[in-house]
file input06.txt (compact mmCIF, C-alpha atoms and all ligand atoms)
# COMPACT_ATOMS: atom_id res chain seq x y z
CA MET A 143 12.83 -26.69 -114.31
CA GLN A 144 14.30 -24.05 -111.96
CA LYS A 145 11.74 -21.91 -110.18
CA ARG A 146 11.92 -18.17 -110.84
CA ALA A 147 11.44 -15.49 -108.21
CA LEU A 148 11.04 -11.76 -108.67
CA MET A 149 12.70 -9.59 -106.02
CA VAL A 150 11.40 -6.04 -105.92
CA GLY A 151 14.14 -3.79 -104.52
CA LEU A 152 17.94 -3.84 -104.71
CA GLY A 153 18.49 -2.99 -101.03
CA ILE A 154 19.92 -5.19 -98.30
CA ALA A 155 16.78 -7.34 -98.03
CA GLY A 156 16.27 -7.80 -101.79
CA MET A 157 19.87 -8.81 -102.51
CA SER A 158 20.03 -11.08 -99.43
CA ALA A 159 16.87 -12.85 -100.56
CA ALA A 160 18.23 -13.17 -104.10
CA ILE A 161 21.39 -14.88 -102.85
CA GLY A 162 19.43 -17.01 -100.37
CA LEU A 163 17.09 -18.23 -103.09
CA ARG A 164 19.88 -18.87 -105.56
CA GLN A 165 21.60 -21.02 -102.90
CA SER A 166 18.38 -23.05 -102.84
CA GLY A 167 18.30 -23.65 -106.57
CA TRP A 168 15.93 -20.83 -107.56
CA THR A 169 16.55 -18.30 -110.32
CA PRO A 170 16.11 -14.80 -108.89
CA VAL A 171 15.48 -11.66 -110.95
CA ILE A 172 15.76 -8.26 -109.23
CA VAL A 173 13.90 -5.13 -110.33
CA GLU A 174 14.93 -1.77 -108.89
CA ARG A 175 13.11 1.54 -109.23
CA ALA A 176 16.31 3.64 -109.27
CA PRO A 177 18.30 3.97 -112.50
CA GLY A 178 21.47 2.60 -110.86
CA ARG A 179 23.02 1.33 -107.64
CA ARG A 180 23.18 3.62 -104.63
CA LEU A 181 26.46 4.00 -102.77
CA GLY A 182 27.59 5.30 -99.39
CA GLY A 183 24.74 6.15 -97.10
CA TYR A 184 24.54 6.51 -93.36
CA GLY A 185 26.35 4.60 -90.61
CA VAL A 186 24.98 1.24 -89.57
CA GLY A 187 25.91 -1.15 -86.76
CA LEU A 188 25.66 -4.82 -87.74
CA MET A 189 24.72 -7.17 -84.94
CA PRO A 190 26.00 -10.77 -84.58
CA GLU A 191 22.87 -12.24 -86.26
CA GLY A 192 23.50 -10.02 -89.31
CA ARG A 193 27.18 -10.92 -89.43
CA GLN A 194 26.30 -14.63 -89.25
CA ALA A 195 23.77 -14.16 -92.06
CA ALA A 196 26.54 -12.52 -94.12
CA VAL A 197 28.63 -15.66 -93.55
CA ASP A 198 25.68 -17.90 -94.53
CA LEU A 199 25.15 -15.86 -97.70
CA GLY A 200 28.85 -16.18 -98.56
CA ILE A 201 29.48 -12.41 -98.56
CA ALA A 202 31.32 -11.93 -95.24
CA ASP A 203 34.71 -11.72 -96.97
CA HIS A 204 33.45 -8.83 -99.11
CA LEU A 205 32.11 -6.84 -96.16
CA HIS A 206 34.30 -3.87 -95.33
CA THR A 207 34.00 -2.87 -91.66
CA ARG A 208 35.17 0.41 -90.16
CA ASN A 209 35.30 0.04 -86.37
CA PRO A 210 37.75 2.54 -84.88
CA PRO A 211 40.66 0.90 -83.02
CA ASP A 212 39.62 0.04 -79.44
CA GLY A 213 36.07 1.10 -80.27
CA GLY A 214 37.01 4.78 -80.55
CA LYS A 215 36.01 7.48 -78.06
CA THR A 216 32.47 8.71 -77.59
CA TRP A 217 31.88 12.17 -76.14
CA SER A 218 28.67 13.33 -74.60
CA LEU A 219 28.03 17.07 -74.49
CA THR A 220 26.41 18.44 -71.33
CA ARG A 221 24.03 21.40 -71.34
CA SER A 222 26.83 23.60 -70.03
CA GLY A 223 28.90 22.70 -73.08
CA ASP A 224 31.36 20.37 -71.35
CA ARG A 225 32.54 17.16 -72.98
CA GLU A 226 32.38 14.01 -70.92
CA PRO A 227 33.07 10.40 -71.90
CA GLY A 228 29.86 8.88 -73.21
CA MET A 229 28.35 5.61 -74.37
CA GLY A 230 28.07 5.29 -78.14
CA PHE A 231 26.21 3.08 -80.53
CA LEU A 232 29.15 0.69 -80.83
CA HIS A 233 29.18 0.11 -77.06
CA GLN A 234 26.01 -1.93 -77.29
CA PRO A 235 26.12 -5.61 -76.30
CA GLY A 236 26.99 -7.75 -79.31
CA ASP A 237 29.88 -5.49 -80.42
CA PRO A 238 28.25 -4.15 -83.58
CA ALA A 239 30.36 -4.00 -86.72
CA ALA A 240 30.58 -0.37 -87.88
CA VAL A 241 29.77 -0.05 -91.59
CA LEU A 242 28.07 2.30 -94.00
CA ARG A 243 24.82 1.00 -95.47
CA GLY A 244 26.65 1.11 -98.81
CA ASP A 245 29.31 -1.30 -97.47
CA VAL A 246 26.64 -3.94 -96.82
CA GLU A 247 25.04 -3.31 -100.20
CA ALA A 248 28.44 -3.44 -101.95
CA ALA A 249 29.20 -6.83 -100.36
CA LEU A 250 25.77 -8.12 -101.36
CA TRP A 251 26.21 -6.75 -104.88
CA GLU A 252 29.50 -8.61 -105.14
CA GLY A 253 27.74 -11.80 -104.04
CA THR A 254 24.80 -11.16 -106.37
CA CYS A 255 26.44 -10.04 -109.57
CA GLY A 256 30.18 -9.64 -109.06
CA ASP A 257 33.12 -11.98 -109.37
CA GLY A 258 32.41 -13.12 -105.82
CA ALA A 259 28.98 -14.46 -106.75
CA GLY A 260 28.75 -18.10 -105.71
CA GLY A 261 26.64 -18.93 -108.75
CA ASP A 262 25.34 -17.39 -111.95
CA PRO A 263 25.11 -13.60 -111.70
CA VAL A 264 21.60 -12.48 -110.81
CA GLU A 265 19.74 -10.55 -113.49
CA VAL A 266 19.09 -6.97 -112.31
CA ARG A 267 16.74 -4.62 -114.16
CA PHE A 268 17.12 -0.98 -113.13
CA ALA A 269 14.42 1.69 -113.54
CA THR A 270 11.84 -1.07 -113.38
CA THR A 271 8.83 -1.34 -111.06
CA PRO A 272 5.83 -3.63 -110.73
CA VAL A 273 2.46 -1.94 -111.31
CA GLU A 274 0.14 -4.96 -111.07
CA ILE A 275 0.59 -8.24 -109.23
CA ASP A 276 -1.86 -11.04 -109.88
CA ASP A 277 -1.47 -14.32 -108.01
CA THR A 278 -3.27 -16.77 -110.26
CA GLY A 279 -2.68 -19.77 -107.98
CA GLY A 280 -0.40 -21.42 -110.55
CA ASP A 281 2.04 -18.52 -110.74
CA VAL A 282 2.20 -14.75 -110.16
CA GLN A 283 1.66 -12.54 -113.20
CA VAL A 284 3.42 -9.23 -112.76
CA LEU A 285 2.98 -6.17 -114.96
CA LEU A 286 6.32 -4.35 -115.02
CA THR A 287 7.10 -0.82 -116.16
CA ASP A 288 10.50 0.11 -117.56
CA ALA A 289 10.93 3.85 -116.93
CA GLY A 290 13.95 3.92 -119.27
CA THR A 291 12.02 2.86 -122.37
CA GLY A 292 8.50 3.66 -121.15
CA SER A 293 7.43 0.11 -122.02
CA GLN A 294 5.25 -2.25 -120.00
CA TYR A 295 5.32 -6.04 -120.12
CA ARG A 296 3.79 -8.94 -118.25
CA GLU A 297 5.88 -11.79 -116.87
CA GLY A 298 5.14 -14.88 -114.76
CA PHE A 299 7.07 -15.90 -111.61
CA ASP A 300 6.76 -18.71 -109.06
CA LEU A 301 7.27 -16.26 -106.20
CA VAL A 302 7.31 -12.48 -105.77
CA VAL A 303 9.43 -11.03 -102.95
CA GLY A 304 8.62 -7.44 -101.97
CA ALA A 305 11.83 -5.97 -100.55
CA ASP A 306 10.99 -2.41 -101.56
CA GLY A 307 11.38 -0.67 -98.23
CA MET A 308 9.16 0.91 -95.61
CA ARG A 309 6.72 2.39 -98.12
CA SER A 310 6.55 -0.84 -100.12
CA SER A 311 4.42 -0.82 -103.25
CA VAL A 312 4.24 -4.64 -103.23
CA ARG A 313 2.72 -4.48 -99.75
CA ARG A 314 0.25 -1.83 -100.91
CA MET A 315 -0.79 -3.85 -103.99
CA VAL A 316 -1.11 -7.23 -102.28
CA PHE A 317 -1.77 -6.60 -98.57
CA GLY A 318 -3.43 -3.18 -98.34
CA PRO A 319 -2.78 0.53 -97.78
CA ASP A 320 0.13 1.95 -95.78
CA GLU A 321 -2.23 3.18 -93.03
CA ASP A 322 -3.00 -0.45 -92.14
CA TYR A 323 0.64 -1.24 -91.40
CA LEU A 324 2.71 1.91 -90.73
CA THR A 325 2.73 3.15 -87.15
CA ASN A 326 3.77 6.77 -86.76
CA TRP A 327 6.51 7.48 -84.22
CA ASP A 328 6.10 11.28 -84.20
CA ALA A 329 9.76 11.68 -85.02
CA MET A 330 11.95 12.84 -87.90
CA ILE A 331 15.49 12.02 -88.96
CA CYS A 332 18.11 13.51 -91.20
CA ALA A 333 21.20 11.39 -91.89
CA PHE A 334 24.24 12.03 -94.06
CA GLN A 335 28.01 11.75 -94.24
CA LEU A 336 30.01 14.74 -93.02
CA LYS A 337 32.71 16.08 -95.30
CA GLU A 338 34.98 16.38 -92.30
CA GLN A 339 35.01 15.70 -88.57
CA VAL A 340 33.84 18.39 -86.16
CA PRO A 341 36.87 20.67 -85.46
CA SER A 342 38.85 19.83 -82.30
CA TYR A 343 37.69 16.19 -82.24
CA ALA A 344 39.77 13.19 -83.34
CA GLU A 345 38.83 11.62 -86.69
CA THR A 346 37.37 8.49 -85.10
CA ASP A 347 35.51 10.22 -82.23
CA SER A 348 31.77 9.85 -81.88
CA ILE A 349 29.78 12.71 -80.33
CA VAL A 350 26.32 12.77 -78.77
CA VAL A 351 24.29 15.89 -78.05
CA ALA A 352 21.00 14.53 -76.72
CA ARG A 353 18.47 17.08 -75.47
CA ALA A 354 14.75 16.81 -74.79
CA LYS A 355 13.00 16.19 -78.13
CA ARG A 356 16.06 16.81 -80.31
CA ALA A 357 19.46 15.27 -80.68
CA VAL A 358 22.56 15.31 -82.87
CA TRP A 359 24.81 12.28 -83.19
CA VAL A 360 28.16 12.03 -84.96
CA PHE A 361 29.46 8.50 -85.62
CA GLY A 362 33.23 8.19 -86.06
CA PHE A 363 34.76 5.51 -88.32
CA ASP A 364 38.22 4.11 -88.82
CA ASP A 365 38.78 4.99 -92.47
CA CYS A 366 36.15 7.42 -93.69
CA ALA A 367 34.57 10.69 -92.62
CA PRO A 368 31.99 10.45 -89.83
CA THR A 369 28.29 10.16 -90.52
CA THR A 370 25.71 12.15 -88.62
CA LEU A 371 22.13 11.82 -87.50
CA LEU A 372 19.84 14.69 -86.56
CA THR A 373 16.63 13.49 -84.96
CA TYR A 374 13.71 15.29 -83.33
CA ARG A 375 10.23 14.62 -82.05
CA THR A 376 7.20 16.33 -83.54
CA GLN A 377 3.50 15.64 -83.83
CA ASP A 378 3.24 17.56 -87.09
CA ILE A 379 4.83 15.08 -89.49
CA GLN A 380 3.08 16.50 -92.57
CA GLY A 381 4.34 20.00 -91.77
CA GLN A 382 7.97 18.82 -91.82
CA PHE A 383 7.80 18.05 -95.53
CA THR A 384 6.87 21.57 -96.64
CA GLY A 385 9.54 24.08 -97.63
CA SER A 386 13.31 23.80 -97.44
CA ARG A 387 14.63 20.85 -95.41
CA VAL A 388 17.71 22.81 -94.39
CA GLU A 389 15.64 25.77 -93.13
CA GLN A 390 13.36 23.36 -91.32
CA LEU A 391 16.27 21.73 -89.51
CA ARG A 392 17.92 25.06 -88.71
CA SER A 393 14.69 26.19 -87.11
CA VAL A 394 14.19 22.95 -85.12
CA PHE A 395 17.77 23.01 -83.81
CA SER A 396 17.92 26.76 -83.20
CA GLY A 397 18.98 27.54 -79.64
CA MET A 398 21.29 24.51 -79.52
CA ASP A 399 24.15 26.88 -80.09
CA ASP A 400 26.98 24.43 -79.78
CA PRO A 401 30.00 24.06 -82.13
CA VAL A 402 29.03 20.44 -82.88
CA VAL A 403 25.46 21.32 -83.87
CA ARG A 404 26.72 24.33 -85.86
CA HIS A 405 29.23 22.18 -87.76
CA VAL A 406 26.62 19.55 -88.58
CA LEU A 407 24.06 22.11 -89.77
CA ASP A 408 26.67 23.94 -91.87
CA SER A 409 27.77 20.61 -93.37
CA LEU A 410 24.18 19.79 -94.24
CA GLU A 411 24.10 22.79 -96.58
CA GLN A 412 27.13 21.40 -98.45
CA ALA A 413 26.11 17.73 -98.39
CA PRO A 414 25.70 16.22 -101.88
CA GLU A 415 22.86 14.07 -100.53
CA PHE A 416 21.05 13.44 -97.29
CA LEU A 417 18.16 11.34 -96.05
CA PHE A 418 15.29 13.31 -94.52
CA ASP A 419 12.30 11.26 -93.44
CA SER A 420 9.69 10.53 -90.81
CA VAL A 421 10.09 7.54 -88.50
CA HIS A 422 7.64 4.65 -88.59
CA GLN A 423 7.47 1.03 -87.66
CA VAL A 424 5.84 -1.55 -89.92
CA ARG A 425 3.65 -4.14 -88.20
CA MET A 426 1.96 -6.84 -90.27
CA PRO A 427 0.02 -9.83 -88.95
CA ARG A 428 1.35 -12.00 -91.82
CA TRP A 429 4.29 -11.50 -94.17
CA SER A 430 3.07 -13.67 -97.02
CA ASN A 431 -0.07 -14.09 -99.04
CA GLY A 432 -0.07 -17.03 -101.46
CA ARG A 433 2.93 -16.65 -103.74
CA VAL A 434 3.82 -13.12 -102.59
CA VAL A 435 6.05 -12.46 -99.59
CA VAL A 436 7.40 -9.21 -98.15
CA LEU A 437 10.61 -8.89 -96.17
CA GLY A 438 13.01 -6.30 -94.77
CA ASP A 439 11.64 -2.84 -94.02
CA ALA A 440 8.65 -3.60 -96.28
CA ALA A 441 7.48 -6.28 -93.82
CA TRP A 442 8.78 -5.34 -90.38
CA CYS A 443 10.74 -2.07 -90.46
CA PRO A 444 11.82 -1.90 -86.80
CA ASN A 445 13.17 1.62 -87.62
CA LEU A 446 16.58 3.17 -87.07
CA PHE A 447 16.21 3.46 -83.28
CA SER A 448 16.23 -0.33 -83.01
CA GLY A 449 19.53 -0.50 -84.92
CA MET A 450 18.39 -3.86 -86.30
CA GLY A 451 16.93 -3.20 -89.78
CA ALA A 452 20.05 -4.08 -91.78
CA THR A 453 20.73 -7.09 -89.57
CA PHE A 454 17.18 -8.37 -90.06
CA GLY A 455 17.32 -7.66 -93.80
CA LEU A 456 20.35 -9.94 -94.14
CA LEU A 457 18.89 -12.54 -91.82
CA GLY A 458 15.46 -12.47 -93.47
CA GLY A 459 16.93 -13.15 -96.92
CA ALA A 460 19.27 -15.89 -95.72
CA GLU A 461 16.49 -17.58 -93.73
CA LEU A 462 14.02 -17.37 -96.62
CA GLY A 463 16.52 -19.28 -98.75
CA ARG A 464 16.99 -21.83 -95.98
CA ALA A 465 13.22 -22.36 -95.53
CA LEU A 466 12.75 -22.92 -99.27
CA ARG A 467 15.69 -25.33 -99.29
CA GLU A 468 14.26 -27.33 -96.40
CA ASN A 469 10.72 -27.39 -97.86
CA PRO A 470 11.32 -27.54 -101.61
CA ASP A 471 7.89 -28.92 -102.53
CA ASP A 472 5.61 -26.88 -100.31
CA LEU A 473 5.76 -23.09 -100.55
CA ASP A 474 3.13 -22.54 -97.83
CA VAL A 475 5.01 -24.68 -95.34
CA ALA A 476 8.30 -22.97 -96.25
CA LEU A 477 6.87 -19.46 -95.79
CA THR A 478 5.14 -20.38 -92.53
CA ALA A 479 8.34 -21.92 -91.15
CA TRP A 480 10.36 -18.88 -92.25
CA GLU A 481 7.96 -16.45 -90.61
CA SER A 482 7.56 -18.34 -87.34
CA GLY A 483 11.35 -18.61 -87.04
CA LEU A 484 11.94 -14.87 -87.43
CA ARG A 485 8.88 -13.22 -85.92
CA PRO A 486 9.62 -13.56 -82.16
CA SER A 487 13.03 -11.91 -82.41
CA ILE A 488 11.82 -9.15 -84.73
CA ARG A 489 8.84 -8.41 -82.47
CA LYS A 490 11.14 -8.24 -79.45
CA HIS A 491 13.38 -5.69 -81.17
CA GLN A 492 10.40 -3.66 -82.39
CA ARG A 493 9.38 -3.30 -78.72
CA ILE A 494 12.91 -2.50 -77.49
CA ALA A 495 13.14 0.25 -80.12
CA ARG A 496 10.83 2.41 -77.96
CA VAL A 497 13.36 2.36 -75.14
CA LYS A 498 16.26 2.88 -77.51
CA GLN A 499 14.47 5.91 -78.96
CA GLN A 500 14.75 7.51 -75.51
CA MET A 501 18.50 6.89 -75.67
CA PHE A 502 18.71 8.51 -79.10
CA VAL A 503 16.36 11.41 -78.39
CA PRO A 504 14.80 11.80 -74.94
CA SER A 505 11.11 12.72 -74.86
CA SER A 506 11.40 15.33 -72.05
CA ARG A 507 13.80 17.12 -69.68
CA PRO A 508 13.30 14.56 -66.87
CA VAL A 509 13.99 11.70 -69.33
CA GLU A 510 17.04 13.57 -70.60
CA ALA A 511 18.41 13.77 -67.04
CA LEU A 512 17.53 10.14 -66.29
CA ARG A 513 19.18 9.01 -69.53
CA ALA A 514 22.40 10.86 -68.63
CA THR A 515 22.47 9.27 -65.15
CA ILE A 516 21.86 5.75 -66.50
CA LEU A 517 24.55 6.12 -69.16
CA ARG A 518 27.10 7.49 -66.67
CA ARG A 519 26.50 4.44 -64.46
CA LEU A 520 26.69 2.01 -67.38
CA LEU A 521 29.91 3.63 -68.51
CA ALA A 522 31.42 3.40 -65.01
CA ALA A 523 30.44 -0.29 -64.81
CA ARG A 524 32.00 -0.87 -68.23
CA GLU A 525 35.23 0.85 -67.19
CA ARG A 526 35.38 -1.33 -64.06
CA ARG A 527 34.85 -4.49 -66.16
CA LEU A 528 37.58 -3.47 -68.59
CA ALA A 529 39.99 -2.61 -65.76
CA THR A 530 39.37 -6.02 -64.15
CA ALA A 531 39.93 -7.75 -67.50
CA ARG A 532 43.17 -5.78 -68.05
CA ALA A 533 44.39 -6.65 -64.55
CA GLY A 534 43.53 -10.33 -65.18
CA ALA A 535 45.44 -10.30 -68.46
CA ALA A 536 48.49 -8.65 -66.85
CA ALA A 537 48.58 -11.14 -63.92
C1 LIG B 1 19.75 6.73 -90.24
C2 LIG B 1 19.57 5.25 -90.20
C3 LIG B 1 20.39 4.48 -89.40
C4 LIG B 1 20.24 3.10 -89.37
N1 LIG B 1 21.06 2.38 -88.57
C5 LIG B 1 20.95 1.03 -88.56
C6 LIG B 1 21.83 0.25 -87.76
O1 LIG B 1 22.68 0.76 -87.04
N2 LIG B 1 21.70 -1.10 -87.81
C7 LIG B 1 20.79 -1.71 -88.61
O2 LIG B 1 20.73 -2.95 -88.63
N3 LIG B 1 19.93 -0.99 -89.36
C8 LIG B 1 19.98 0.35 -89.36
N4 LIG B 1 19.14 1.10 -90.12
C9 LIG B 1 18.07 0.42 -90.87
C10 LIG B 1 18.55 -0.19 -92.17
O3 LIG B 1 19.36 0.70 -92.90
C11 LIG B 1 17.31 -0.58 -92.99
O4 LIG B 1 16.45 -1.35 -92.17
C12 LIG B 1 17.68 -1.40 -94.20
O5 LIG B 1 18.63 -0.73 -95.01
C13 LIG B 1 16.41 -1.69 -95.01
O6 LIG B 1 16.74 -2.44 -96.13
P1 LIG B 1 15.62 -2.89 -97.15
O7 LIG B 1 16.34 -3.58 -98.24
O8 LIG B 1 14.54 -3.62 -96.43
O9 LIG B 1 14.93 -1.55 -97.66
P2 LIG B 1 15.53 -0.29 -98.43
O10 LIG B 1 16.92 0.00 -98.01
O11 LIG B 1 14.52 0.78 -98.27
O12 LIG B 1 15.60 -0.75 -99.95
C14 LIG B 1 14.47 -0.81 -100.75
C15 LIG B 1 14.89 -0.79 -102.21
O13 LIG B 1 13.72 -0.94 -103.01
C16 LIG B 1 13.70 0.03 -104.02
N5 LIG B 1 12.30 0.28 -104.37
C17 LIG B 1 11.37 0.99 -103.69
N6 LIG B 1 10.19 0.96 -104.31
C18 LIG B 1 10.37 0.21 -105.42
C19 LIG B 1 9.51 -0.20 -106.48
N7 LIG B 1 8.23 0.19 -106.50
N8 LIG B 1 10.01 -0.97 -107.46
C20 LIG B 1 11.33 -1.36 -107.44
N9 LIG B 1 12.18 -1.00 -106.47
C21 LIG B 1 11.71 -0.24 -105.48
C22 LIG B 1 14.40 1.22 -103.41
O14 LIG B 1 14.89 2.11 -104.41
C23 LIG B 1 15.52 0.53 -102.63
O15 LIG B 1 16.64 0.27 -103.44
C24 LIG B 1 19.24 2.48 -90.13
C25 LIG B 1 18.40 3.25 -90.94
C26 LIG B 1 18.56 4.62 -90.97
C27 LIG B 1 17.63 5.43 -91.82
call {"tool": "encode", "arguments": {"input": "input06.txt", "output": "C-alpha cells"}}
result
Amino acid sequence: MQKRALMVGLGIAGMSAAIGLRQSGWTPVIVERAPGRRLGGYGVGLMPEGRQAAVDLGIADHLHTRNPPDGGKTWSLTRSGDREPGMGFLHQPGDPAAVLRGDVEAALWEGTCGDGAGGDPVEVRFATTPVEIDDTGGDVQVLLTDAGTGSQYREGFDLVVGADGMRSSVRRMVFGPDEDYLTNWDAMICAFQLKEQVPSYAETDSIVVARAKRAVWVFGFDDCAPTTLLTYRTQDIQGQFTGSRVEQLRSVFSGMDDPVVRHVLDSLEQAPEFLFDSVHQVRMPRWSNGRVVVLGDAAWCPNLFSGMGATFGLLGGAELGRALRENPDDLDVALTAWESGLRPSIRKHQRIARVKQQMFVPSSRPVEALRATILRRLLAARERRLATARAGAAA
C-alpha cells in the first residue's frame, strides 16, 4: 500500500516536498491555513541549487523568470543625492534567476495539481490546520481543523512534514516553543510590489539607498513592475507592531528625503498588500523527530538577507524525496541521510547572511562607508572582467 504523508503549508517548501515524495511513490496530502492560493509576492533570486532542484522536481519548464536583458542597471544613491552605478542582488555569483515568489509557487502548483503534474494531482485542503500531532510509533495521528466548516477530524499518516514557515506550528507542537529556535536579528522588513517604477528611472533599473541602520531597495524586472524592500535595524521589535505600519515606516525613514524613498513610501500607502515583519533565523539541532519532519523556513529559515530561503525550500523538498526513494524501508535512515546532506550548506549560508545583512543595511556610518568602497571596487573589477571577455570575443 502507498504510504501517505501530510504536508503542512502550501509554500515553496511544502509543494516541493509533495512533488518529491510523490516521485518516490508516496501519496502526499497538503493542508494550508489560508482559504486559497497566494499570488505575486516579493522579488526573489533563485540560485543554481534551487534551479537544479526545479529541474529535479520536473517544474523548471513552468518557472517564469524575469531577469532584465544584460542583467539590467543598478543605481546606488550617494548621501549627496547623486546616482552612481551600483552592484545589485542579481550581480551575485551564481547568476540568480529573478522571479517573484509567486512565480516559484505557480510553477510548483502546476507540478502539484495542474496539467503539468507528473503524476496524480496532489490533494490540497485549504483553510485547514493541524491542532494536535501524536506520533504513536506506528503512524502519526493528526487532529485537523477545517476553518471553513468549523469541523475537526482525526486522520493517520505515515509521515508529517511541517513546511509552515518561520513561525511553524508543527515545530511548536512537536519540537518546542519558538523561543528555543528563533534567533532575533533586531531588524524589520517591509516588502511589496510597486505599482510603477520610480520616476526618471528605466523600467528594469534597480536602485539601492543604503544608509546606516536603514535602507530602501528597488528590484527591477523584465516584464513586471519592480518590487521593493524597506529594511531597518531596531532593538525594539515588539514596538514595531503597534499602531499603523505606514506611519511607523514614515517615521523610521523620515529625514531620508530622497525622491526614491518618497516614491516607495507613497506607493506603500496605495499597495493592495505588503509584508511587514521582523527578521529571524531558525536554528534547530535536529529537523526530524520520529515520523515528523520540518523543512523550509520552519526548519532553517536563513532569512531574506541570505537570499537562499526559496532555493533551500526547493532543494529541501527534492532531496527529501530522493532520500526516501533511496531508503524506502527505513524512515530514520532516510531522514538522517537527508539532513546530513543538506545541513552543512544551509549552516554556511546562515552564517554568510550576517555579512550580507551589512550589504543590505549597514549597521553604522563607518560600515556604510566601508560597504560603498568595497562595492565600488567589486564593480570596477567586474567591469574589467567584462571588458576583457568582450575583447576576447571580438578578437
Ligand atoms: C523580502 C524577502 C525576500 C526574499 N528573497 C529571497 C531570495 O532572493 N532568494 C531566496 O531564495 N529566498 C528569498 N526569500 C526567502 C523565501 O521567500 C522563503 O525562504 C521561502 O518562501 C519560504 O518558503 P516556505 O515554504 O518554507 O515557507 P512560507 O513561504 O512561509 O510558507 C508557509 C506556508 O504555510 C502556511 N501555514 C502557516 N501556518 C500554517 C498552519 N498552521 N497550517 C497550515 N498551513 C500553515 C502559510 O500560509 C504558507 O502558505 C525572501 C524572503 C523575503 C521575506
call {"tool": "closest_residue", "arguments": {"input": "input06.txt", "among": "A:Glu252, A:Glu468, A:Glu174, A:Glu265", "to": "ligand LIG 1 (chain B)", "atoms": "all atoms listed in the file"}}
result
A:Glu174
call {"tool": "residues_near_ligand", "arguments": {"input": "input06.txt", "ligand": "ligand LIG 1 (chain B)", "cutoff": "7 Å", "atoms": "all atoms listed in the file", "output": "PyMOL selection string"}}
result
chain A and resi 150-156+173-176+184-189+243+270-272+305-308+310-311+331+333+371+437-440+443+445-446+449-455
call {"tool": "atom_distance", "arguments": {"input": "input06.txt", "atom1": "CA of Glu226 (chain A)", "atom2": "CA of Ala352 (chain A)"}}
result
12.8 Å
call {"tool": "closest_residue", "arguments": {"input": "input06.txt", "among": "A:Arg489, A:Arg164, A:Arg433, A:Arg524", "to": "Val475 (chain A)", "atoms": "all atoms listed in the file"}}
result
A:Arg433
call {"tool": "atom_distance", "arguments": {"input": "input06.txt", "atom1": "CA of Gln335 (chain A)", "atom2": "CA of Pro177 (chain A)"}}
result
22.1 Å
call {"tool": "residues_around", "arguments": {"input": "input06.txt", "residues": "Asp288 (chain A)", "least_positions_apart": "4", "cutoff": "9 Å", "atoms": "all atoms listed in the file", "output": "list in words"}}
result
Arg175, Arg267, Phe268, Ala269, Thr270, Thr271, Gly292, Ser293, Gln294 and Tyr295 of chain A
call {"tool": "atom_distance", "arguments": {"input": "input06.txt", "atom1": "CA of Val360 (chain A)", "atom2": "CA of Ala249 (chain A)"}}
result
24.4 Å
call {"tool": "residues_near_point", "arguments": {"input": "input06.txt", "point": "(-3.2, -1.8, -94.5)", "cutoff": "12 Å", "atoms": "only C-alpha atoms", "output": "list in words"}}
result
Arg309, Ser310, Ser311, Val312, Arg313, Arg314, Met315, Val316, Phe317, Gly318, Pro319, Asp320, Glu321, Asp322, Tyr323, Leu324, Thr325, Val424, Arg425, Met426, Pro427, Arg428 and Ala441 of chain A
call {"tool": "residues_around", "arguments": {"input": "input06.txt", "residues": "Pro211 (chain A)", "least_positions_apart": "5", "cutoff": "10 Å", "atoms": "only C-alpha atoms", "output": "PDB file with C-alpha atoms, in the coordinates of the input"}}
result
ATOM      1  CA  THR A 346      37.370   8.490 -85.100  1.00  0.00           C
ATOM      2  CA  PHE A 363      34.760   5.510 -88.320  1.00  0.00           C
ATOM      3  CA  ASP A 364      38.220   4.110 -88.820  1.00  0.00           C
TER       4      ASP A 364
END
call {"tool": "residues_near_point", "arguments": {"input": "input06.txt", "point": "(24.5, 16.0, -83.9)", "cutoff": "12 Å", "atoms": "all atoms listed in the file", "output": "PyMOL selection string"}}
result
chain A and resi 217-219+331-336+339-340+348-353+356-362+368-374+391+395+398-410+502-503
call {"tool": "closest_residue", "arguments": {"input": "input06.txt", "among": "A:Gln382, A:Thr376, A:Ser482, A:Thr216", "to": "Lys355 (chain A)", "atoms": "only C-alpha atoms"}}
result
A:Thr376
call {"tool": "residues_around", "arguments": {"input": "input06.txt", "residues": "Ala511 (chain A)", "least_positions_apart": "3", "cutoff": "12 Å", "atoms": "only C-alpha atoms", "output": "list in words"}}
result
Thr220, Arg221, Ala352, Arg353, Ala354, Gln500, Met501, Val503, Pro504, Ser505, Ser506, Arg507, Pro508, Ala514, Thr515, Ile516, Leu517 and Arg518 of chain A
